[in-house]
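The data block below is model.txt; it holds compact mmCIF, C-alpha atoms.
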```txt
# COMPACT_ATOMS: atom_id res chain seq x y z
CA MET A 1 66.63 81.33 121.43
CA VAL A 2 67.46 82.22 125.02
CA PHE A 3 67.29 85.94 124.20
CA ALA A 4 63.93 85.49 122.50
CA ALA A 5 62.56 83.53 125.46
CA ASP A 6 63.76 86.21 127.90
CA TRP A 7 62.27 88.95 125.73
CA ILE A 8 58.90 87.16 125.49
CA GLY A 9 58.91 86.54 129.24
CA SER A 10 59.68 90.19 129.93
CA VAL A 11 56.92 91.36 127.61
CA PHE A 12 54.46 88.91 129.19
CA THR A 13 55.39 90.10 132.70
CA ASN A 14 54.98 93.77 131.72
CA VAL A 15 51.62 93.10 130.05
CA LEU A 16 50.42 91.14 133.07
CA ALA A 17 51.54 93.91 135.44
CA SER A 18 49.78 96.49 133.28
CA LEU A 19 46.59 94.46 133.28
CA VAL A 20 46.74 94.10 137.06
CA LEU A 21 47.24 97.86 137.48
CA LEU A 22 44.48 98.57 134.97
CA ALA A 23 42.08 96.22 136.75
CA GLY A 24 43.02 97.70 140.13
CA GLY A 25 42.47 101.23 138.86
CA PHE A 26 39.15 100.21 137.35
CA LEU A 27 37.96 98.64 140.61
CA ILE A 28 39.09 101.62 142.68
CA GLY A 29 37.33 103.95 140.26
CA ARG A 30 34.14 101.91 140.46
CA TYR A 31 34.34 101.90 144.26
CA ARG A 32 34.82 105.69 144.40
CA GLU A 33 32.01 106.25 141.93
CA ARG A 34 29.71 103.99 143.93
CA LYS A 35 30.60 105.87 147.12
CA ARG A 36 29.98 109.17 145.34
CA GLN A 37 26.62 107.98 144.11
CA GLN A 38 25.66 106.70 147.54
CA GLY A 39 26.52 110.07 149.03
CA ARG A 40 26.45 111.26 152.61
CA ALA A 41 23.79 111.12 155.27
CA LEU A 42 21.62 114.23 155.44
CA THR A 43 22.55 114.69 159.10
CA GLU A 44 26.13 115.40 158.02
CA TYR A 45 25.03 118.67 156.41
CA ASP A 46 24.63 121.97 158.31
CA PHE A 47 21.12 122.45 156.92
CA TYR A 48 19.62 119.30 158.42
CA PRO A 49 15.99 120.50 158.70
CA TYR A 50 15.42 119.97 162.42
CA VAL A 51 16.43 122.33 165.20
CA ALA A 52 16.15 122.09 168.98
CA THR A 53 13.73 124.38 170.81
CA PRO A 54 14.65 125.92 174.21
CA GLU A 55 12.68 123.04 175.79
CA ARG A 56 14.95 120.60 173.89
CA PHE A 57 12.25 119.35 171.53
CA ALA A 58 12.95 118.76 167.86
CA GLU A 59 11.21 121.20 165.51
CA PHE A 60 11.00 121.07 161.72
CA SER A 61 12.92 123.96 160.12
CA LEU A 62 11.38 125.14 156.85
CA LYS A 63 14.28 127.57 156.36
CA ASP A 64 16.88 124.78 156.43
CA PHE A 65 14.65 122.60 154.26
CA ARG A 66 14.57 125.31 151.56
CA LEU A 67 18.36 125.65 151.72
CA ALA A 68 18.74 121.90 151.31
CA VAL A 69 16.39 121.78 148.32
CA HIS A 70 18.39 124.39 146.40
CA TYR A 71 21.71 122.83 147.43
CA PHE A 72 20.77 119.39 146.09
CA LEU A 73 19.41 120.87 142.89
CA ARG A 74 22.88 122.32 142.27
CA ASN A 75 24.93 119.49 143.81
CA THR A 76 24.24 115.78 143.48
CA ASP A 77 23.97 113.58 146.56
CA GLN A 78 21.56 110.72 145.98
CA ARG A 79 21.43 109.48 149.54
CA ALA A 80 21.02 112.80 151.36
CA ALA A 81 18.57 114.22 148.81
CA ARG A 82 16.27 111.21 149.06
CA GLN A 83 16.41 111.46 152.85
CA LEU A 84 15.39 115.12 152.51
CA ILE A 85 12.45 114.17 150.26
CA PHE A 86 11.46 111.51 152.78
CA ILE A 87 11.36 114.13 155.55
CA GLY A 88 9.50 116.58 153.30
CA GLU A 89 6.78 114.06 152.53
CA GLN A 90 6.44 113.13 156.20
CA ASN A 91 5.90 116.80 157.09
CA ASN A 92 3.54 117.63 154.18
CA VAL A 93 6.04 120.27 153.17
CA ARG A 94 4.19 121.36 150.00
CA GLN A 95 1.55 123.00 152.20
CA HIS A 96 4.20 125.33 153.62
CA LEU A 97 6.10 126.23 150.44
CA SER A 98 5.38 129.14 148.12
CA GLU A 99 4.50 128.44 144.48
CA ALA A 100 8.10 129.00 143.34
CA GLU A 101 9.51 126.92 146.19
CA GLY A 102 7.02 124.15 145.44
CA LYS A 103 8.21 124.01 141.84
CA ALA A 104 11.81 123.79 143.04
CA TYR A 105 10.86 120.93 145.34
CA ASP A 106 9.09 119.16 142.45
CA ARG A 107 12.28 119.47 140.38
CA LEU A 108 14.20 117.93 143.28
CA VAL A 109 11.76 115.01 143.50
CA ALA A 110 12.06 114.45 139.74
CA LYS A 111 15.88 114.68 139.78
CA TYR A 112 16.20 112.01 142.48
CA GLN A 113 13.24 109.81 141.50
CA GLY A 114 11.69 110.68 144.86
CA ALA A 115 8.05 109.89 144.06
CA GLY A 116 6.88 107.33 146.59
CA VAL A 117 10.12 107.53 148.58
CA ALA A 118 8.11 107.43 151.82
CA ASP A 119 6.13 104.37 150.77
CA GLY A 120 6.67 101.45 153.09
CA ALA A 121 7.88 103.50 156.06
CA GLN A 122 4.96 102.51 158.27
CA GLU A 123 5.16 98.91 157.10
CA TYR A 124 8.89 98.80 157.85
CA LEU A 125 8.35 99.91 161.46
CA GLU A 126 5.24 97.79 162.06
CA ASN A 127 7.15 94.81 163.45
CA TYR A 128 8.99 97.13 165.83
CA HIS A 129 5.61 98.46 166.99
CA ASN A 130 4.61 94.91 167.88
CA ILE A 131 7.88 94.37 169.74
CA ALA A 132 7.36 97.53 171.80
CA ARG A 133 3.73 96.71 172.59
CA LEU A 134 4.50 93.16 173.71
CA ILE A 135 7.55 94.07 175.79
CA GLY A 136 5.63 96.95 177.40
CA ARG A 137 2.72 94.70 178.32
CA THR A 138 5.15 92.28 179.95
CA PHE A 139 5.80 94.88 182.70
CA PRO A 140 2.38 96.38 183.59
CA ASN A 141 2.04 99.09 186.27
CA MET A 142 5.72 98.87 187.17
CA GLY A 143 6.97 102.31 186.16
CA ILE A 144 8.45 100.92 182.94
CA GLU A 145 7.65 102.61 179.62
CA VAL A 146 8.43 101.17 176.17
CA LEU A 147 7.91 103.20 173.02
CA ILE A 148 8.75 103.57 169.34
CA HIS A 149 9.95 106.78 167.73
CA ASP A 150 9.47 107.21 163.97
CA LEU A 151 12.37 109.63 163.48
CA SER A 152 11.44 110.50 159.90
CA ASN A 153 9.01 112.93 161.52
CA PRO A 154 10.53 114.01 164.85
CA THR A 155 7.80 116.55 165.60
CA HIS A 156 5.24 113.71 165.79
CA SER A 157 7.59 110.79 166.31
CA ILE A 158 5.88 108.63 168.93
CA THR A 159 3.92 105.97 167.07
CA THR A 160 3.60 103.33 169.81
CA ILE A 161 3.77 103.62 173.59
CA GLU A 162 3.10 101.21 176.44
CA GLY A 163 3.19 102.46 180.04
CA GLY A 164 2.89 106.06 178.90
CA GLU A 165 1.84 107.18 182.36
CA VAL A 166 5.56 107.11 183.23
CA THR A 167 6.38 110.24 181.18
CA GLY A 168 2.88 111.47 180.36
CA ARG A 169 3.45 111.22 176.62
CA VAL A 170 1.02 109.79 174.07
CA VAL A 171 1.06 108.70 170.43
CA GLY A 172 1.63 111.68 168.13
CA MET A 173 3.94 113.62 170.42
CA GLY A 174 7.42 114.51 169.23
CA THR A 175 10.91 113.59 170.29
CA THR A 176 13.43 115.77 172.04
CA THR A 177 17.02 116.08 170.87
CA LEU A 178 17.10 112.27 170.86
CA LEU A 179 17.43 112.14 167.07
CA VAL A 180 20.64 114.14 166.67
CA ASP A 181 22.31 112.53 169.69
CA LEU A 182 21.30 109.02 168.60
CA ILE A 183 22.62 109.49 165.05
CA ARG A 184 25.89 110.90 166.43
CA ARG A 185 26.31 107.88 168.70
CA VAL A 186 25.48 105.43 165.90
CA ASN A 187 28.19 107.03 163.75
CA LEU A 188 30.63 106.68 166.68
CA LYS A 189 29.45 103.09 167.30
CA GLN A 190 28.37 104.00 170.84
CA ASP A 191 25.38 102.38 172.55
CA LYS A 192 22.82 104.39 174.52
CA LEU A 193 22.46 101.77 177.23
CA ASN A 194 21.57 102.31 180.91
CA TYR A 195 21.90 106.08 180.90
CA GLU A 196 20.44 108.37 183.56
CA LEU A 197 18.14 111.35 182.97
CA ASN A 198 17.40 113.92 185.68
CA ILE A 199 14.56 116.33 184.80
CA GLY A 200 13.57 118.59 187.66
CA ALA A 201 12.70 116.23 190.51
CA ARG A 202 12.27 113.25 188.16
CA ARG A 203 14.92 110.57 187.62
CA PHE A 204 14.94 107.89 184.92
CA LYS A 205 17.07 104.96 183.81
CA CYS A 206 16.85 104.68 180.02
CA THR A 207 18.00 102.63 177.07
CA THR A 208 17.61 103.68 173.43
CA VAL A 209 18.05 101.19 170.58
CA PRO A 210 18.39 102.67 167.06
CA ILE A 211 16.38 101.30 164.14
CA VAL A 212 18.51 101.59 161.00
CA ARG A 213 17.16 101.27 157.46
CA LYS A 214 19.42 100.83 154.46
CA ASP A 215 19.78 104.03 152.39
CA TYR A 216 17.88 106.05 155.00
CA GLY A 217 20.11 105.72 158.06
CA VAL A 218 18.52 105.92 161.52
CA VAL A 219 14.75 105.97 160.93
CA GLY A 220 13.50 105.10 164.39
CA ALA A 221 14.28 104.01 167.91
CA ILE A 222 12.99 101.67 170.58
CA CYS A 223 13.16 103.35 173.99
CA ILE A 224 12.82 101.87 177.47
CA ASN A 225 12.35 104.34 180.33
CA ILE A 226 12.27 103.24 183.98
CA ASP A 227 10.94 105.59 186.68
CA ILE A 228 13.67 105.24 189.31
CA ASN A 229 11.94 107.50 191.86
CA TYR A 230 8.77 105.40 191.75
CA ILE A 231 10.70 102.21 192.56
CA ARG A 232 12.94 103.87 195.14
CA ASP A 233 10.44 106.18 196.88
CA ALA A 234 7.06 104.50 196.40
CA VAL A 235 7.75 100.76 196.09
CA LEU A 236 10.73 99.93 198.31
CA PRO A 237 9.47 101.61 201.54
CA SER A 238 6.15 99.70 201.40
CA SER A 239 5.91 95.92 201.86
CA GLU A 240 2.50 95.96 200.17
CA ARG A 241 3.83 97.80 197.10
CA ILE A 242 6.87 95.54 196.95
CA ALA A 243 4.53 92.54 196.88
CA GLU A 244 2.37 94.20 194.19
CA PHE A 245 5.46 95.10 192.14
CA PHE A 246 6.75 91.54 192.11
CA GLN A 247 3.29 90.11 191.48
CA ASN A 248 3.22 92.21 188.30
CA TYR A 249 6.81 91.19 187.54
CA CYS A 250 5.99 87.47 187.81
CA ARG A 251 2.50 87.60 186.31
CA THR A 252 1.86 85.36 183.30
CA ASP A 253 -1.06 84.91 180.93
CA MET A 254 -0.55 81.24 180.02
CA THR A 255 1.57 78.13 180.61
CA LEU A 256 3.34 76.37 177.75
CA GLU A 257 5.32 73.16 177.45
CA GLU A 258 8.62 74.43 176.02
CA ASN A 259 12.30 74.21 176.94
CA ILE A 260 14.50 77.34 176.86
CA LEU A 261 17.40 75.85 178.87
CA SER A 262 20.69 74.48 177.67
CA LYS A 263 21.17 70.73 177.99
CA GLU A 264 23.24 71.13 181.17
CA GLU A 265 20.78 73.57 182.76
CA TYR A 266 17.91 71.28 181.81
CA LYS A 267 19.55 68.41 183.71
CA ARG A 268 20.20 70.64 186.73
CA ALA A 269 16.58 71.84 186.71
CA LEU A 270 15.33 68.25 186.78
CA ALA A 271 17.78 67.58 189.64
CA GLY A 272 16.38 70.43 191.74
CA LYS A 273 18.14 73.66 190.69
CA THR A 274 15.55 76.44 191.12
CA HIS A 275 17.18 79.57 189.65
CA PHE A 276 20.29 80.70 187.78
CA ARG A 277 22.14 81.62 191.02
CA ASP A 278 21.19 78.47 192.90
CA PHE A 279 24.85 77.51 193.28
CA ALA A 280 24.23 75.05 196.10
CA ALA A 281 22.01 72.86 193.90
CA GLN A 282 24.42 73.20 191.01
CA ALA A 283 27.32 71.93 193.14
CA GLN A 284 25.49 68.73 194.10
```
For this file, produce the structure as structure tokens.
Amino acid sequence: MVFAADWIGSVFTNVLASLVLLAGGFLIGRYRERKRQQGRALTEYDFYPYVATPERFAEFSLKDFRLAVHYFLRNTDQRAARQLIFIGEQNNVRQHLSEAEGKAYDRLVAKYQGAGVADGAQEYLENYHNIARLIGRTFPNMGIEVLIHDLSNPTHSITTIEGGEVTGRVVGMGTTTLLVDLIRRVNLKQDKLNYELNIGARRFKCTTVPIVRKDYGVVGAICINIDINYIRDAVLPSSERIAEFFQNYCRTDMTLEENILSKEEYKRALAGKTHFRDFAAQAQ
């Protein structure tokens, strides 16, 4: 009886271990298959269809686009291929392809169910457009520019801009090498916060916030550009311009009855604290 019990226990243990290994192998296989199906980002390939011009603007590369089409017809990568189709549709690529190349592109669209892949792109970014417009209008005539880049079409990426007199750009203009650098930094988990740009005699303080969309990667960016020379050379030396600058800074359009303070700060405000660094009032 003891032998039989030991034998049954041993068999049960072996079966259980086998089931655990089988389940683990199945889950690992499913995970690897899912990762394979998800694929890589298009920017990880050498034929990413945008190149930098000598002036450091992004320019659509039809040559690299063709290479990518034929590569993804031979090799499956769901994520990167759909990103390529997205870029192709944004750039009206069929107008630039020969008849044979157009047929190859149609086969690519069919293979990856790419019809309508660009649908919803404008709608997705619309709320960001509102954010950029409202933030930009909060700082009028202060040398502060806020804009949105739609990076699915870098050659005509600017879709919203407030304070465009700062850089002279308008809606419909393209980005520079912002796209490649931004994607690289996103992959490295690095922020583009408070960085300096020196272009000829111009100097800017900038922040770039990526807009990431599931399955498409970085599709846009919110950018804030501050004209340092204007503030340093035109505003600070003049008491009149300093007053004008801060009038714009403090200007409001309406007064509302709301509370944005914590409970403790609310009590201090009622007791006479006037600003966040009013330490004398806070100590009372």
(request) Using CA of Thr255 in chain A and CA of Lys273 in chain A as the two end points, give the distance in Å to one decimal. (result)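 Rounded to one decimal, the two atoms are 19.9 Å apart.
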(request) Would you kindly return, as a count of residues only, each protein, DNA or RNA residue with an atom no farther than 10 Å from any atom of range 190-200 of chain A, considering all atoms listed in the file and excluding same-chain residues fewer than 2 positions away? (result) 23
(message) Report as JSON, numbers by chain all protein, DNA and RNA residues lying within 12 Å of range 42-52 of chain A, evaluated on only C-alpha atoms, omitting residues in the same chain fewer than 3 positions from it.
(response) {"A": [38, 39, 55, 56, 57, 58, 59, 60, 61, 62, 63, 64, 65, 66, 67, 68, 69, 70, 71, 72, 77, 78, 79, 80, 81, 82, 83, 84, 85, 86, 87, 88, 91, 93, 151, 152, 153, 154, 155, 174, 175, 176, 177, 178, 179, 180, 181, 182, 183, 184, 186, 187, 215, 216, 217, 218, 219]}
Padding 6 Å on each side, edges along x, y and z: where is the centre of the box around the listed atoms of range 212-225 of chain A, and how long are its edges in Å to one decimal? Output it as AutoDock Vina command-line options.
```
--center_x 16.2 --center_y 103.4 --center_z 166.4 --size_x 19.8 --size_y 17.2 --size_z 39.9
```
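Take CA of His156 in chain A and CA of Met173 in chain A: the distance between them is 4.8 Å.
From CA of Val235 in chain A back to CA of Met142 in chain A, the distance works out to 9.3 Å.
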(message) Calculated over only C-alpha atoms, which of the candidates A:Asp106, A:Glu99, A:Glu123, A:Glu165 has the smallest distance to Asp150 in chain A?
(response) A:Glu123
(request) Go through A:Arg137, A:Arg169, A:Arg268, A:Lys111 one by one, measure the shortest atom-to-atom distance of each to Thr252 in chain A using only C-alpha atoms, and give the residue with the smallest value. (result) A:Arg137
(message) Could you check the closest approach to Ile161 in chain A for each of A:Ala110, A:Ile222, A:Ala115, A:Leu270 and tell me which residue wins, using all atoms listed in the file?
(response) A:Ile222
(request) Select, from A:Gly143, A:Gln113, A:Tyr105, A:Ala221, the residue with the minimum atom-to-atom distance to Thr159 in chain A, counting all atoms listed in the file. (result)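 Among the listed residues, A:Ala221 lies closest to Thr159 in chain A.
Using only C-alpha atoms, the shortest contact distance between Val170 in chain A and any of A:His149, A:Lys103, A:Arg277, A:Arg94 is found at A:His149.
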